[in-house]
file protein.cif (mmCIF, C-alpha atoms and all ligand atoms)
data_query
loop_
_atom_site.label_atom_id
_atom_site.label_comp_id
_atom_site.auth_asym_id
_atom_site.auth_seq_id
_atom_site.Cartn_x
_atom_site.Cartn_y
_atom_site.Cartn_z
CA MET H 13 0.00 0.00 0.00
CA PHE H 14 1.00 3.61 -0.47
CA ASP H 15 3.03 4.62 2.59
CA ILE H 16 4.11 8.23 2.08
CA GLN H 17 6.58 8.31 4.97
CA SER H 18 8.37 5.20 3.86
CA ILE H 19 8.51 6.58 0.29
CA ARG H 20 9.97 9.86 1.54
CA ASN H 21 12.59 7.94 3.51
CA ASP H 22 13.72 6.33 0.26
CA PHE H 23 14.82 9.74 -1.10
CA PRO H 24 17.85 10.97 0.85
CA ILE H 25 17.88 14.43 -0.76
CA LEU H 26 14.46 15.27 0.69
CA SER H 27 15.70 15.34 4.27
CA GLN H 28 18.10 18.23 3.76
CA LYS H 29 17.63 21.89 4.57
CA VAL H 30 17.86 24.76 2.11
CA HIS H 31 18.40 28.22 3.60
CA ASN H 32 17.76 26.64 7.01
CA HIS H 33 14.30 25.45 6.00
CA ASP H 34 13.16 21.91 5.26
CA LEU H 35 13.47 21.44 1.52
CA ILE H 36 10.14 21.44 -0.28
CA TYR H 37 10.89 20.19 -3.75
CA PHE H 38 8.18 21.28 -6.18
CA ASP H 39 10.30 21.23 -9.34
CA ASN H 40 9.59 17.65 -10.30
CA GLY H 41 8.49 18.51 -13.83
CA ALA H 42 12.06 19.60 -14.53
CA THR H 43 13.56 16.53 -12.88
CA THR H 44 12.66 14.16 -10.09
CA GLN H 45 14.82 13.14 -7.15
CA LYS H 46 16.30 9.66 -6.98
CA PRO H 47 15.53 6.94 -4.45
CA GLN H 48 18.42 5.26 -2.65
CA VAL H 49 17.93 2.05 -4.69
CA VAL H 50 18.67 3.97 -7.89
CA ILE H 51 21.71 5.70 -6.39
CA ASP H 52 22.94 2.32 -5.11
CA ALA H 53 22.37 0.72 -8.51
CA ILE H 54 24.68 3.27 -10.13
CA VAL H 55 27.36 2.97 -7.44
CA ASP H 56 27.16 -0.84 -7.46
CA ALA H 57 27.40 -1.04 -11.23
CA TYR H 58 30.54 1.09 -11.32
CA THR H 59 31.95 -0.66 -8.24
CA LYS H 60 31.31 -4.25 -9.24
CA THR H 61 30.24 -4.92 -12.80
CA ASN H 62 31.30 -2.08 -15.06
CA SER H 63 32.32 -3.18 -18.53
CA ASN H 64 31.16 -2.24 -22.01
CA ILE H 65 28.13 -4.21 -23.15
CA HIS H 66 27.55 -6.48 -26.15
CA ARG H 67 31.21 -6.63 -27.09
CA GLY H 68 33.00 -8.81 -24.61
CA ILE H 69 33.09 -12.48 -23.84
CA HIS H 70 34.52 -11.88 -20.40
CA THR H 71 32.47 -12.11 -17.22
CA LEU H 72 32.02 -8.42 -16.47
CA SER H 73 30.93 -7.61 -19.99
CA GLN H 74 28.40 -10.39 -19.89
CA LEU H 75 27.09 -9.25 -16.53
CA SER H 76 26.82 -5.68 -17.77
CA THR H 77 25.03 -6.84 -20.92
CA THR H 78 22.57 -8.90 -18.91
CA MET H 79 21.79 -5.96 -16.63
CA TYR H 80 21.22 -3.71 -19.64
CA GLU H 81 18.93 -6.18 -21.38
CA GLN H 82 17.04 -6.85 -18.14
CA ALA H 83 16.41 -3.11 -17.92
CA ARG H 84 14.94 -3.25 -21.39
CA GLN H 85 12.58 -6.00 -20.24
CA MET H 86 11.66 -3.91 -17.21
CA VAL H 87 10.65 -1.03 -19.51
CA GLN H 88 8.69 -3.50 -21.62
CA VAL H 89 6.72 -4.65 -18.59
CA PHE H 90 6.29 -1.11 -17.24
CA ILE H 91 4.61 0.20 -20.40
CA ASN H 92 3.22 -3.19 -21.46
CA ALA H 93 5.04 -3.24 -24.79
CA PRO H 94 4.52 -6.40 -26.83
CA HIS H 95 8.26 -7.00 -27.40
CA ASP H 96 11.46 -5.99 -25.61
CA TYR H 97 13.22 -5.32 -28.93
CA GLU H 98 10.77 -2.46 -29.55
CA ILE H 99 12.36 -0.57 -26.62
CA ILE H 100 15.16 1.74 -27.76
CA PHE H 101 17.35 3.31 -25.09
CA THR H 102 18.14 6.97 -25.78
CA LYS H 103 19.64 9.76 -23.74
CA GLY H 104 16.24 11.27 -23.07
CA VAL H 105 12.86 12.06 -24.55
CA THR H 106 14.38 14.86 -26.64
CA GLU H 107 16.56 12.33 -28.42
CA SER H 108 13.64 9.91 -28.78
CA LEU H 109 11.48 12.59 -30.41
CA ASN H 110 14.32 13.74 -32.68
CA LEU H 111 15.04 10.17 -33.68
CA VAL H 112 11.52 9.69 -34.97
CA ALA H 113 11.26 13.15 -36.55
CA GLN H 114 14.53 12.68 -38.43
CA THR H 115 14.16 9.08 -39.54
CA PHE H 116 10.45 9.26 -40.37
CA SER H 117 10.90 12.38 -42.45
CA GLU H 118 13.91 10.95 -44.23
CA ALA H 119 11.90 7.92 -45.29
CA PHE H 120 8.37 9.22 -45.70
CA LEU H 121 8.11 13.02 -45.79
CA ASN H 122 7.92 14.81 -49.13
CA GLU H 123 7.36 18.35 -50.31
CA GLY H 124 3.84 19.53 -49.53
CA ASP H 125 3.20 16.83 -46.89
CA GLU H 126 1.78 17.77 -43.51
CA ILE H 127 2.64 16.99 -39.89
CA ILE H 128 0.33 17.68 -36.94
CA VAL H 129 1.52 18.64 -33.45
CA SER H 130 -0.30 20.57 -30.74
CA ALA H 131 0.20 24.19 -29.75
CA MET H 132 1.10 23.09 -26.22
CA GLU H 133 4.14 21.01 -27.13
CA HIS H 134 7.41 21.29 -25.28
CA HIS H 135 10.01 22.73 -27.68
CA SER H 136 11.45 19.24 -28.04
CA ASN H 137 8.31 18.04 -29.82
CA LEU H 138 7.98 21.20 -31.89
CA VAL H 139 11.44 22.31 -33.02
CA PRO H 140 12.50 18.90 -34.46
CA TRP H 141 9.35 18.92 -36.61
CA GLN H 142 9.94 22.52 -37.67
CA MET H 143 13.45 21.50 -38.69
CA VAL H 144 12.37 18.54 -40.81
CA CYS H 145 9.45 20.44 -42.33
CA GLU H 146 11.80 23.22 -43.37
CA ARG H 147 14.22 20.74 -44.89
CA LYS H 148 11.52 18.79 -46.73
CA LYS H 149 9.32 21.80 -47.59
CA ALA H 150 6.49 20.21 -45.62
CA LYS H 151 3.86 21.98 -43.54
CA LEU H 152 3.52 21.88 -39.75
CA LYS H 153 -0.04 22.24 -38.43
CA CYS H 154 -0.89 22.86 -34.77
CA ILE H 155 -3.92 21.76 -32.77
CA PRO H 156 -5.10 24.87 -30.89
CA PHE H 157 -6.11 24.93 -27.23
CA ASN H 158 -8.62 27.11 -25.40
CA HIS H 159 -8.17 29.46 -22.45
CA ASP H 160 -8.54 26.59 -19.98
CA GLY H 161 -5.60 24.86 -21.65
CA VAL H 162 -7.78 22.18 -23.29
CA LEU H 163 -7.05 20.97 -26.82
CA ASP H 164 -9.72 21.67 -29.43
CA ILE H 165 -10.48 18.18 -30.69
CA GLU H 166 -12.91 19.38 -33.38
CA ALA H 167 -10.18 21.64 -34.79
CA TYR H 168 -7.78 18.66 -34.64
CA LYS H 169 -10.17 16.56 -36.73
CA ASN H 170 -10.32 19.32 -39.32
CA LEU H 171 -6.53 19.51 -39.67
CA PHE H 172 -6.34 16.17 -41.49
CA THR H 173 -5.99 16.13 -45.26
CA GLU H 174 -4.75 13.46 -47.64
CA LYS H 175 -1.31 15.09 -47.17
CA THR H 176 -1.14 14.38 -43.42
CA LYS H 177 1.76 12.02 -42.74
CA PHE H 178 2.33 12.03 -38.98
CA VAL H 179 0.90 13.27 -35.65
CA SER H 180 3.01 13.91 -32.56
CA VAL H 181 1.29 15.07 -29.37
CA VAL H 182 2.15 15.55 -25.73
CA HIS H 183 0.24 13.39 -23.25
CA VAL H 184 0.48 15.78 -20.27
CA SER H 185 1.50 19.42 -20.69
CA ASN H 186 4.56 20.27 -18.60
CA THR H 187 3.31 23.86 -18.28
CA LEU H 188 -0.48 23.65 -18.01
CA GLY H 189 -0.70 20.24 -16.37
CA THR H 190 -3.44 19.33 -18.86
CA VAL H 191 -3.96 15.61 -19.34
CA ASN H 192 -4.86 15.36 -23.01
CA PRO H 193 -7.49 12.82 -24.17
CA ILE H 194 -4.75 10.82 -25.72
CA LYS H 195 -6.71 7.68 -26.60
CA GLU H 196 -9.20 9.77 -28.56
CA ILE H 197 -6.36 11.67 -30.24
CA ILE H 198 -4.69 8.39 -31.23
CA ASP H 199 -7.92 6.89 -32.57
CA ILE H 200 -8.61 9.97 -34.68
CA ALA H 201 -5.11 9.79 -36.23
CA HIS H 202 -5.61 6.12 -37.00
CA SER H 203 -9.03 6.73 -38.53
CA HIS H 204 -7.05 8.70 -41.14
CA ASN H 205 -4.39 5.96 -41.37
CA VAL H 206 -1.81 8.34 -39.93
CA PRO H 207 0.79 7.12 -37.39
CA ILE H 208 1.09 8.95 -34.07
CA MET H 209 3.78 9.48 -31.45
CA ILE H 210 3.07 10.40 -27.82
CA ASP H 211 5.46 12.53 -25.78
CA GLY H 212 5.05 10.86 -22.41
CA ALA H 213 7.70 12.93 -20.60
CA GLN H 214 5.14 14.24 -18.08
CA SER H 215 2.72 11.33 -18.00
CA VAL H 216 4.71 8.17 -17.49
CA GLN H 217 5.58 9.06 -13.85
CA HIS H 218 1.98 9.96 -12.95
CA ILE H 219 -0.31 7.72 -15.02
CA PRO H 220 -0.08 3.95 -15.66
CA ILE H 221 0.89 3.53 -19.32
CA ASP H 222 -0.17 0.62 -21.49
CA VAL H 223 1.05 1.19 -25.03
CA GLN H 224 -0.98 -1.73 -26.35
CA GLU H 225 -4.17 -0.33 -24.92
CA LEU H 226 -3.32 3.18 -26.15
CA ASP H 227 -2.39 1.71 -29.54
CA CYS H 228 -0.08 4.62 -30.35
CA ASP H 229 2.76 3.96 -32.81
CA PHE H 230 5.54 5.53 -30.72
CA PHE H 231 5.80 6.49 -27.05
CA ALA H 232 8.74 8.45 -25.65
CA PHE H 233 9.93 9.45 -22.18
CA SER H 234 12.97 10.55 -20.17
CA GLY H 235 14.42 8.55 -17.29
CA HIS H 236 15.32 11.51 -15.12
CA LYS H 237 11.69 12.61 -14.81
CA ILE H 238 10.72 9.18 -13.50
CA TYR H 239 13.18 8.85 -10.60
CA ALA H 240 16.00 7.45 -12.80
CA PRO H 241 19.34 9.03 -13.78
CA THR H 242 19.84 11.85 -16.25
CA GLY H 243 21.04 10.85 -19.69
CA THR H 244 18.56 7.99 -19.94
CA GLY H 245 15.44 7.79 -22.04
CA VAL H 246 13.17 5.48 -23.95
CA LEU H 247 11.61 5.31 -27.34
CA TRP H 248 9.07 2.57 -27.76
CA GLY H 249 7.82 1.98 -31.29
CA LYS H 250 5.67 -0.63 -32.94
CA GLU H 251 7.90 -3.21 -34.58
CA GLU H 252 6.39 -2.59 -38.03
CA TRP H 253 7.32 1.10 -37.82
CA LEU H 254 10.78 0.62 -36.32
CA GLU H 255 11.55 -1.86 -39.10
CA LYS H 256 10.49 0.66 -41.73
CA LEU H 257 12.56 3.55 -40.36
CA PRO H 258 16.20 3.98 -41.41
CA PRO H 259 18.90 4.10 -38.68
CA TYR H 260 19.30 7.40 -36.83
CA GLN H 261 23.05 7.40 -36.27
CA GLY H 262 25.85 5.23 -37.61
CA GLY H 263 28.54 3.60 -35.51
CA GLY H 264 29.30 0.58 -33.39
CA ASP H 265 26.60 -1.88 -32.34
CA MET H 266 24.07 -0.74 -34.95
CA ILE H 267 25.71 -2.87 -37.64
CA LYS H 268 25.66 -6.54 -38.57
CA THR H 269 28.51 -6.44 -41.06
CA VAL H 270 30.60 -3.65 -42.49
CA THR H 271 32.79 -3.60 -45.57
CA LEU H 272 34.44 -0.56 -47.01
CA GLU H 273 31.66 -0.48 -49.56
CA LYS H 274 28.54 -1.33 -47.61
CA THR H 275 27.01 -1.84 -44.17
CA ILE H 276 24.26 -4.26 -43.22
CA TYR H 277 22.39 -2.80 -40.29
CA ASN H 278 21.71 -4.68 -37.09
CA ASP H 279 18.32 -5.96 -35.97
CA LEU H 280 16.06 -4.12 -33.55
CA PRO H 281 16.68 -2.59 -31.10
CA PHE H 282 20.41 -2.27 -31.82
CA LYS H 283 19.82 -0.62 -35.21
CA PHE H 284 18.93 2.53 -33.25
CA GLU H 285 21.56 2.29 -30.51
CA ALA H 286 24.79 3.38 -32.19
CA GLY H 287 27.90 3.62 -30.03
CA THR H 288 28.37 2.95 -26.33
CA THR H 289 25.06 3.64 -24.65
CA ASN H 290 24.49 4.83 -21.10
CA TYR H 291 24.23 1.20 -20.03
CA VAL H 292 24.72 1.95 -16.33
CA GLY H 293 22.01 4.60 -16.51
CA ALA H 294 19.69 2.23 -18.36
CA HIS H 295 20.22 -0.38 -15.66
CA ALA H 296 19.37 2.22 -13.00
CA LEU H 297 16.28 3.20 -15.01
CA GLY H 298 15.19 -0.43 -14.82
CA VAL H 299 15.72 -0.33 -11.06
CA ALA H 300 13.63 2.86 -10.80
CA LEU H 301 10.78 1.28 -12.75
CA HIS H 302 10.94 -1.84 -10.60
CA TYR H 303 10.77 0.38 -7.51
CA LEU H 304 7.65 2.10 -8.91
CA MET H 305 6.02 -1.20 -9.80
CA ASN H 306 6.54 -2.35 -6.22
CA ILE H 307 4.65 0.71 -4.98
CA GLY H 308 2.08 0.36 -7.77
CA MET H 309 1.39 2.99 -10.40
CA PRO H 310 -2.38 2.99 -9.74
CA TYR H 311 -1.70 3.92 -6.08
CA ILE H 312 0.72 6.63 -7.15
CA GLN H 313 -1.83 8.01 -9.59
CA LYS H 314 -4.56 8.08 -6.94
CA TYR H 315 -2.35 9.77 -4.33
CA GLU H 316 -0.99 12.34 -6.77
CA SER H 317 -4.36 13.18 -8.24
CA GLU H 318 -5.69 14.04 -4.76
CA LEU H 319 -2.53 16.06 -4.15
CA ILE H 320 -2.81 18.14 -7.32
CA GLN H 321 -6.50 18.81 -6.78
CA TYR H 322 -5.70 19.94 -3.25
CA ALA H 323 -2.88 22.21 -4.45
CA ASN H 324 -5.03 23.64 -7.23
CA GLN H 325 -7.85 24.44 -4.84
CA LYS H 326 -5.58 25.99 -2.19
CA LEU H 327 -3.72 28.10 -4.74
CA ALA H 328 -6.99 29.33 -6.24
CA GLU H 329 -7.96 30.62 -2.77
CA ILE H 330 -5.13 33.19 -2.81
CA PRO H 331 -6.81 36.30 -4.25
CA GLN H 332 -3.68 37.61 -6.01
CA VAL H 333 -2.95 34.29 -7.73
CA THR H 334 -4.15 33.40 -11.22
CA ILE H 335 -3.80 29.80 -12.28
CA ILE H 336 -2.81 29.36 -15.92
CA GLY H 337 -4.52 26.28 -17.28
CA ASN H 338 -7.75 24.99 -15.82
CA ALA H 339 -8.28 21.71 -17.60
CA PRO H 340 -10.73 19.33 -15.90
CA GLU H 341 -7.98 16.72 -15.61
CA LYS H 342 -4.49 17.79 -14.56
CA ALA H 343 -1.36 15.92 -13.58
CA GLY H 344 1.99 17.02 -12.20
CA ALA H 345 2.17 20.74 -12.85
CA ILE H 346 0.31 23.91 -11.90
CA SER H 347 1.36 27.18 -13.50
CA PHE H 348 0.36 30.47 -11.93
CA GLU H 349 0.93 34.19 -11.88
CA VAL H 350 0.93 36.56 -8.91
CA ASP H 351 -0.53 40.05 -9.38
CA GLY H 352 2.15 42.70 -9.75
CA ALA H 353 5.05 40.26 -9.47
CA HIS H 354 7.50 38.84 -11.98
CA CYS H 355 7.57 35.06 -11.69
CA ALA H 356 11.37 35.09 -11.21
CA ASP H 357 10.95 37.21 -8.06
CA ILE H 358 8.39 34.75 -6.71
CA GLY H 359 10.76 31.87 -7.37
CA MET H 360 13.66 33.64 -5.68
CA ILE H 361 11.70 34.58 -2.56
CA LEU H 362 10.23 31.09 -2.19
CA ASP H 363 13.70 29.60 -2.53
CA LYS H 364 14.78 31.56 0.54
CA GLN H 365 12.03 29.70 2.40
CA GLY H 366 13.30 26.33 1.19
CA ILE H 367 10.71 25.93 -1.57
CA ALA H 368 11.95 24.97 -5.02
CA ILE H 369 9.65 25.85 -7.91
CA ARG H 370 10.47 26.70 -11.53
CA THR H 371 9.85 30.00 -13.24
CA GLY H 372 10.05 31.06 -16.87
CA THR H 373 8.70 29.70 -20.13
CA HIS H 374 9.22 25.99 -19.34
CA CYS H 375 10.39 25.41 -22.93
CA THR H 376 6.87 26.17 -24.15
CA GLU H 377 7.17 29.69 -25.52
CA PRO H 378 4.05 29.37 -27.74
CA ILE H 379 1.98 28.78 -24.58
CA MET H 380 3.39 32.00 -23.08
CA GLN H 381 2.54 33.83 -26.32
CA TYR H 382 -1.03 32.52 -26.19
CA TYR H 383 -1.58 33.81 -22.64
CA GLY H 384 0.43 36.98 -23.28
CA VAL H 385 2.77 36.42 -20.33
CA PRO H 386 6.58 36.50 -20.24
CA GLY H 387 6.64 33.40 -18.07
CA THR H 388 4.86 31.63 -15.24
CA ALA H 389 5.70 30.25 -11.84
CA ARG H 390 5.23 26.49 -11.86
CA MET H 391 4.91 24.07 -9.00
CA SER H 392 5.18 20.45 -10.06
CA LEU H 393 4.47 17.51 -7.83
CA ALA H 394 5.81 14.01 -7.40
CA MET H 395 4.65 11.03 -5.36
CA TYR H 396 6.84 12.01 -2.38
CA ASN H 397 5.17 15.41 -1.90
CA THR H 398 2.59 15.94 0.82
CA LYS H 399 -0.41 18.09 1.71
CA GLU H 400 1.64 19.54 4.58
CA GLU H 401 4.20 20.79 2.08
CA ILE H 402 1.43 22.29 -0.02
CA ASP H 403 -0.01 24.03 3.06
CA TYR H 404 3.36 25.56 3.91
CA PHE H 405 3.90 26.59 0.29
CA VAL H 406 0.46 28.19 -0.01
CA LYS H 407 0.84 30.01 3.31
CA THR H 408 4.25 31.35 2.27
CA LEU H 409 3.05 32.30 -1.21
CA ALA H 410 0.05 34.16 0.22
CA LYS H 411 2.43 36.30 2.33
CA VAL H 412 4.69 36.92 -0.66
CA ALA H 413 1.67 37.90 -2.80
CA MET H 414 0.68 40.51 -0.21
CA MET H 415 4.13 42.07 -0.48
CA PHE H 416 3.53 42.74 -4.17
CA GLU H 417 0.08 44.26 -3.75
N1 LIG Z 1 8.54 16.91 -23.36
C1 LIG Z 1 7.97 17.37 -22.24
C2 LIG Z 1 6.48 17.38 -22.11
C3 LIG Z 1 8.77 17.84 -21.20
O1 LIG Z 1 8.20 18.30 -20.09
C4 LIG Z 1 10.17 17.83 -21.35
C5 LIG Z 1 11.04 18.38 -20.30
O2 LIG Z 1 10.63 19.13 -19.46
C6 LIG Z 1 10.72 17.32 -22.53
C7 LIG Z 1 9.87 16.88 -23.51
C8 LIG Z 1 12.20 17.26 -22.73
O3 LIG Z 1 12.78 16.42 -21.79
P1 LIG Z 1 14.35 16.14 -21.72
O4 LIG Z 1 15.01 17.45 -21.53
O5 LIG Z 1 14.50 15.19 -20.58
O6 LIG Z 1 14.74 15.49 -23.02
#

call {"tool": "encode", "arguments": {"input": "protein.cif", "output": "structure tokens"}}
result
Amino acid sequence: MFDIQSIRNDFPILSQKVHNHDLIYFDNGATTQKPQVVIDAIVDAYTKTNSNIHRGIHTLSQLSTTMYEQARQMVQVFINAPHDYEIIFTKGVTESLNLVAQTFSEAFLNEGDEIIVSAMEHHSNLVPWQMVCERKKAKLKCIPFNHDGVLDIEAYKNLFTEKTKFVSVVHVSNTLGTVNPIKEIIDIAHSHNVPIMIDGAQSVQHIPIDVQELDCDFFAFSGHKIYAPTGTGVLWGKEEWLEKLPPYQGGGDMIKTVTLEKTIYNDLPFKFEAGTTNYVGAHALGVALHYLMNIGMPYIQKYESELIQYANQKLAEIPQVTIIGNAPEKAGAISFEVDGAHCADIGMILDKQGIAIRTGTHCTEPIMQYYGVPGTARMSLAMYNTKEEIDYFVKTLAKVAMMFE
């Protein structure tokens, strides 16, 4: 069962003080903290088993390879992928999204074709598509959202033409906290025979993911936002699509045979894993996912959804605070503004009270342009946060807001 105190005890960083106050870490959308099991997994791997994978017949290399491939199976189970070879390890969701944008467009995008993304994408699911569209003279279309931060599904339906080649949409907005109706969005793309990728960077740590049930074609996330090390990430793709895409990068491990004239590429997943990967990080990602499965994603989702509703309600009670994004279903993040204050000042003052939030554009400048704000303050929650922390944060913020009146 979900035991918040025992979970908090698993995260050593949470027990420290910042500016002589207990740390309240509300910057989980940027990165999450790591449980001791993940830290130990990294230390143990470098202390006991480190050796490059896939290339050695000696004991350490085989151990390292087994740990890496077991991590792949852990990801497979965690997102219920049909096959482990459909899991590609990357250095993060940004690389996963770029991999698909680059390889898909190389193989399938032609002049005049169209790609659909949403207007609430993180830059990493917008800029790669802008880049390939510019190169291929294709057109990028954006699904608009309304003032509550909810995607306009009717407008989405109307964006499809016979030129539409691909859809790539964020599951949960890192800025607005909106949980998009992703199953419906996927089904609409498929009703037009168009493949779709989901940016799960802000969903996979909050919502149980079943890629078979979702039936998307690609699903991408970063390890560091799900209690695993930085420099780790996942791209899951349906086998039929991964087989059709050309390799992303050339180098070691992604080849079967090489002559000076020609290379035969390796099978999945190695075709997309050129060079020495972050195999220790991938192993630790597997450990993080195992840790989460032991707690149970449905319990985490239930606890966090109560937490975010509580935070949303308490924040809304501060008269000087305006919440940006009021979707009926939110996960992880709440963005807000304080009357008369620049968000950076809010962030700095809260920091002095031990509260870590993020301020700025959150790599979603088009969202800032839509609301006509230079940036927002954003609190983002994880499973180790508590109502007591929210109470202290809201009390402190209310005092700060009065200072700016
Ligand atoms: N997509 C979303 C929705 C995000 O929130 C982020 C990071 O905040 C990214 C993509 C990029 O993640 P990373 O920097 O780990 O590649």

call {"tool": "residues_near_point", "arguments": {"input": "protein.cif", "point": "(1.7, 26.8, -27.1)", "cutoff": "12 Å", "atoms": "all atoms listed in the file", "output": "PyMOL selection string"}}
result
chain H and resi 129-135+137-138+154-159+161-163+181-182+185-188+337+373-385

call {"tool": "residues_near_ligand", "arguments": {"input": "protein.cif", "ligand": "ligand LIG 1 (chain Z)", "cutoff": "9 Å", "atoms": "all atoms listed in the file", "output": "PyMOL selection string"}}
result
chain H and resi 41-43+103-109+132-137+182-187+211-215+232-237+242-245+374-376

call {"tool": "atom_distance", "arguments": {"input": "protein.cif", "atom1": "atom CA of Tyr239 of chain H", "atom2": "atom CA of Gln313 of chain H"}}
result
15.1 Å

call {"tool": "residues_around", "arguments": {"input": "protein.cif", "residues": "Ile312 of chain H", "least_positions_apart": "6", "cutoff": "9 Å", "atoms": "only C-alpha atoms", "output": "ChimeraX atom specification"}}
result
/H:14,217-220,304,394-395

call {"tool": "atom_distance", "arguments": {"input": "protein.cif", "atom1": "atom CA of His66 of chain H", "atom2": "atom CA of Asp265 of chain H"}}
result
7.8 Å

call {"tool": "residues_around", "arguments": {"input": "protein.cif", "residues": "Ser76 of chain H", "least_positions_apart": "3", "cutoff": "12 Å", "atoms": "all atoms listed in the file", "output": "VMD selection string"}}
result
chain H and resid 54 56 to 73 79 to 83 289 to 296

call {"tool": "write_last_selection", "arguments": {"input": "protein.cif", "atoms": "C-alpha atoms", "output": "JSON list (two decimals), in the coordinates of the input"}}
result
[["chain", "number", "residue", "atom", "x", "y", "z"],
["H", 54, "ILE", "CA", 24.68, 3.27, -10.13],
["H", 56, "ASP", "CA", 27.16, -0.84, -7.46],
["H", 57, "ALA", "CA", 27.40, -1.04, -11.23],
["H", 58, "TYR", "CA", 30.54, 1.09, -11.32],
["H", 59, "THR", "CA", 31.95, -0.66, -8.24],
["H", 60, "LYS", "CA", 31.31, -4.25, -9.24],
["H", 61, "THR", "CA", 30.24, -4.92, -12.80],
["H", 62, "ASN", "CA", 31.30, -2.08, -15.06],
["H", 63, "SER", "CA", 32.32, -3.18, -18.53],
["H", 64, "ASN", "CA", 31.16, -2.24, -22.01],
["H", 65, "ILE", "CA", 28.13, -4.21, -23.15],
["H", 66, "HIS", "CA", 27.55, -6.48, -26.15],
["H", 67, "ARG", "CA", 31.21, -6.63, -27.09],
["H", 68, "GLY", "CA", 33.00, -8.81, -24.61],
["H", 69, "ILE", "CA", 33.09, -12.48, -23.84],
["H", 70, "HIS", "CA", 34.52, -11.88, -20.40],
["H", 71, "THR", "CA", 32.47, -12.11, -17.22],
["H", 72, "LEU", "CA", 32.02, -8.42, -16.47],
["H", 73, "SER", "CA", 30.93, -7.61, -19.99],
["H", 79, "MET", "CA", 21.79, -5.96, -16.63],
["H", 80, "TYR", "CA", 21.22, -3.71, -19.64],
["H", 81, "GLU", "CA", 18.93, -6.18, -21.38],
["H", 82, "GLN", "CA", 17.04, -6.85, -18.14],
["H", 83, "ALA", "CA", 16.41, -3.11, -17.92],
["H", 289, "THR", "CA", 25.06, 3.64, -24.65],
["H", 290, "ASN", "CA", 24.49, 4.83, -21.10],
["H", 291, "TYR", "CA", 24.23, 1.20, -20.03],
["H", 292, "VAL", "CA", 24.72, 1.95, -16.33],
["H", 293, "GLY", "CA", 22.01, 4.60, -16.51],
["H", 294, "ALA", "CA", 19.69, 2.23, -18.36],
["H", 295, "HIS", "CA", 20.22, -0.38, -15.66],
["H", 296, "ALA", "CA", 19.37, 2.22, -13.00]]

call {"tool": "atom_distance", "arguments": {"input": "protein.cif", "atom1": "atom CA of Lys195 of chain H", "atom2": "atom CA of Asn397 of chain H"}}
result
28.5 Å

call {"tool": "residues_near_point", "arguments": {"input": "protein.cif", "point": "(-3.8, 25.3, -5.0)", "cutoff": "10 Å", "atoms": "all atoms listed in the file", "output": "count of residues only"}}
result
21

call {"tool": "closest_residue", "arguments": {"input": "protein.cif", "among": "H:Asn21, H:Gln48, H:Thr275, H:Gln88", "to": "Phe231 of chain H", "atoms": "all atoms listed in the file"}}
result
H:Gln88

call {"tool": "closest_residue", "arguments": {"input": "protein.cif", "among": "H:Asn205, H:Gln365, H:Gln85, H:Thr77", "to": "Leu301 of chain H", "atoms": "all atoms listed in the file"}}
result
H:Gln85

call {"tool": "residues_around", "arguments": {"input": "protein.cif", "residues": "Ala353 of chain H", "least_positions_apart": "4", "cutoff": "9 Å", "atoms": "all atoms listed in the file", "output": "list in words"}}
result
Glu349, Asp357, Ile358, Ala413, Phe416 and Glu417 of chain H

call {"tool": "residues_around", "arguments": {"input": "protein.cif", "residues": "Thr115 of chain H", "least_positions_apart": "2", "cutoff": "7 Å", "atoms": "only C-alpha atoms", "output": "PDB file with C-alpha atoms, in the coordinates of the input"}}
result
ATOM      1  CA  LEU H 111      15.040  10.170 -33.680  1.00  0.00           C
ATOM      2  CA  VAL H 112      11.520   9.690 -34.970  1.00  0.00           C
ATOM      3  CA  ALA H 113      11.260  13.150 -36.550  1.00  0.00           C
ATOM      4  CA  SER H 117      10.900  12.380 -42.450  1.00  0.00           C
ATOM      5  CA  GLU H 118      13.910  10.950 -44.230  1.00  0.00           C
ATOM      6  CA  ALA H 119      11.900   7.920 -45.290  1.00  0.00           C
ATOM      7  CA  LEU H 257      12.560   3.550 -40.360  1.00  0.00           C
ATOM      8  CA  PRO H 258      16.200   3.980 -41.410  1.00  0.00           C
ATOM      9  CA  PRO H 259      18.900   4.100 -38.680  1.00  0.00           C
ATOM     10  CA  TYR H 260      19.300   7.400 -36.830  1.00  0.00           C
TER      11      TYR H 260
END

call {"tool": "residues_around", "arguments": {"input": "protein.cif", "residues": "Leu35 of chain H", "least_positions_apart": "2", "cutoff": "7 Å", "atoms": "all atoms listed in the file", "output": "NGL selection string"}}
result
:H and (26 or 28-30 or 33 or 37 or 366-367)

call {"tool": "closest_residue", "arguments": {"input": "protein.cif", "among": "H:Gly189, H:Gly308, H:Pro386, H:Gly359", "to": "Gly344 of chain H", "atoms": "all atoms listed in the file"}}
result
H:Gly189

call {"tool": "closest_residue", "arguments": {"input": "protein.cif", "among": "H:Arg390, H:Arg147, H:His204, H:Arg20", "to": "Phe172 of chain H", "atoms": "only C-alpha atoms"}}
result
H:His204

call {"tool": "closest_residue", "arguments": {"input": "protein.cif", "among": "H:Asn192, H:Asn338, H:Gln261, H:Thr388", "to": "Asp164 of chain H", "atoms": "all atoms listed in the file"}}
result
H:Asn192

call {"tool": "closest_residue", "arguments": {"input": "protein.cif", "among": "H:Gln224, H:Thr173, H:Gln332, H:Thr190", "to": "Asp160 of chain H", "atoms": "all atoms listed in the file"}}
result
H:Thr190
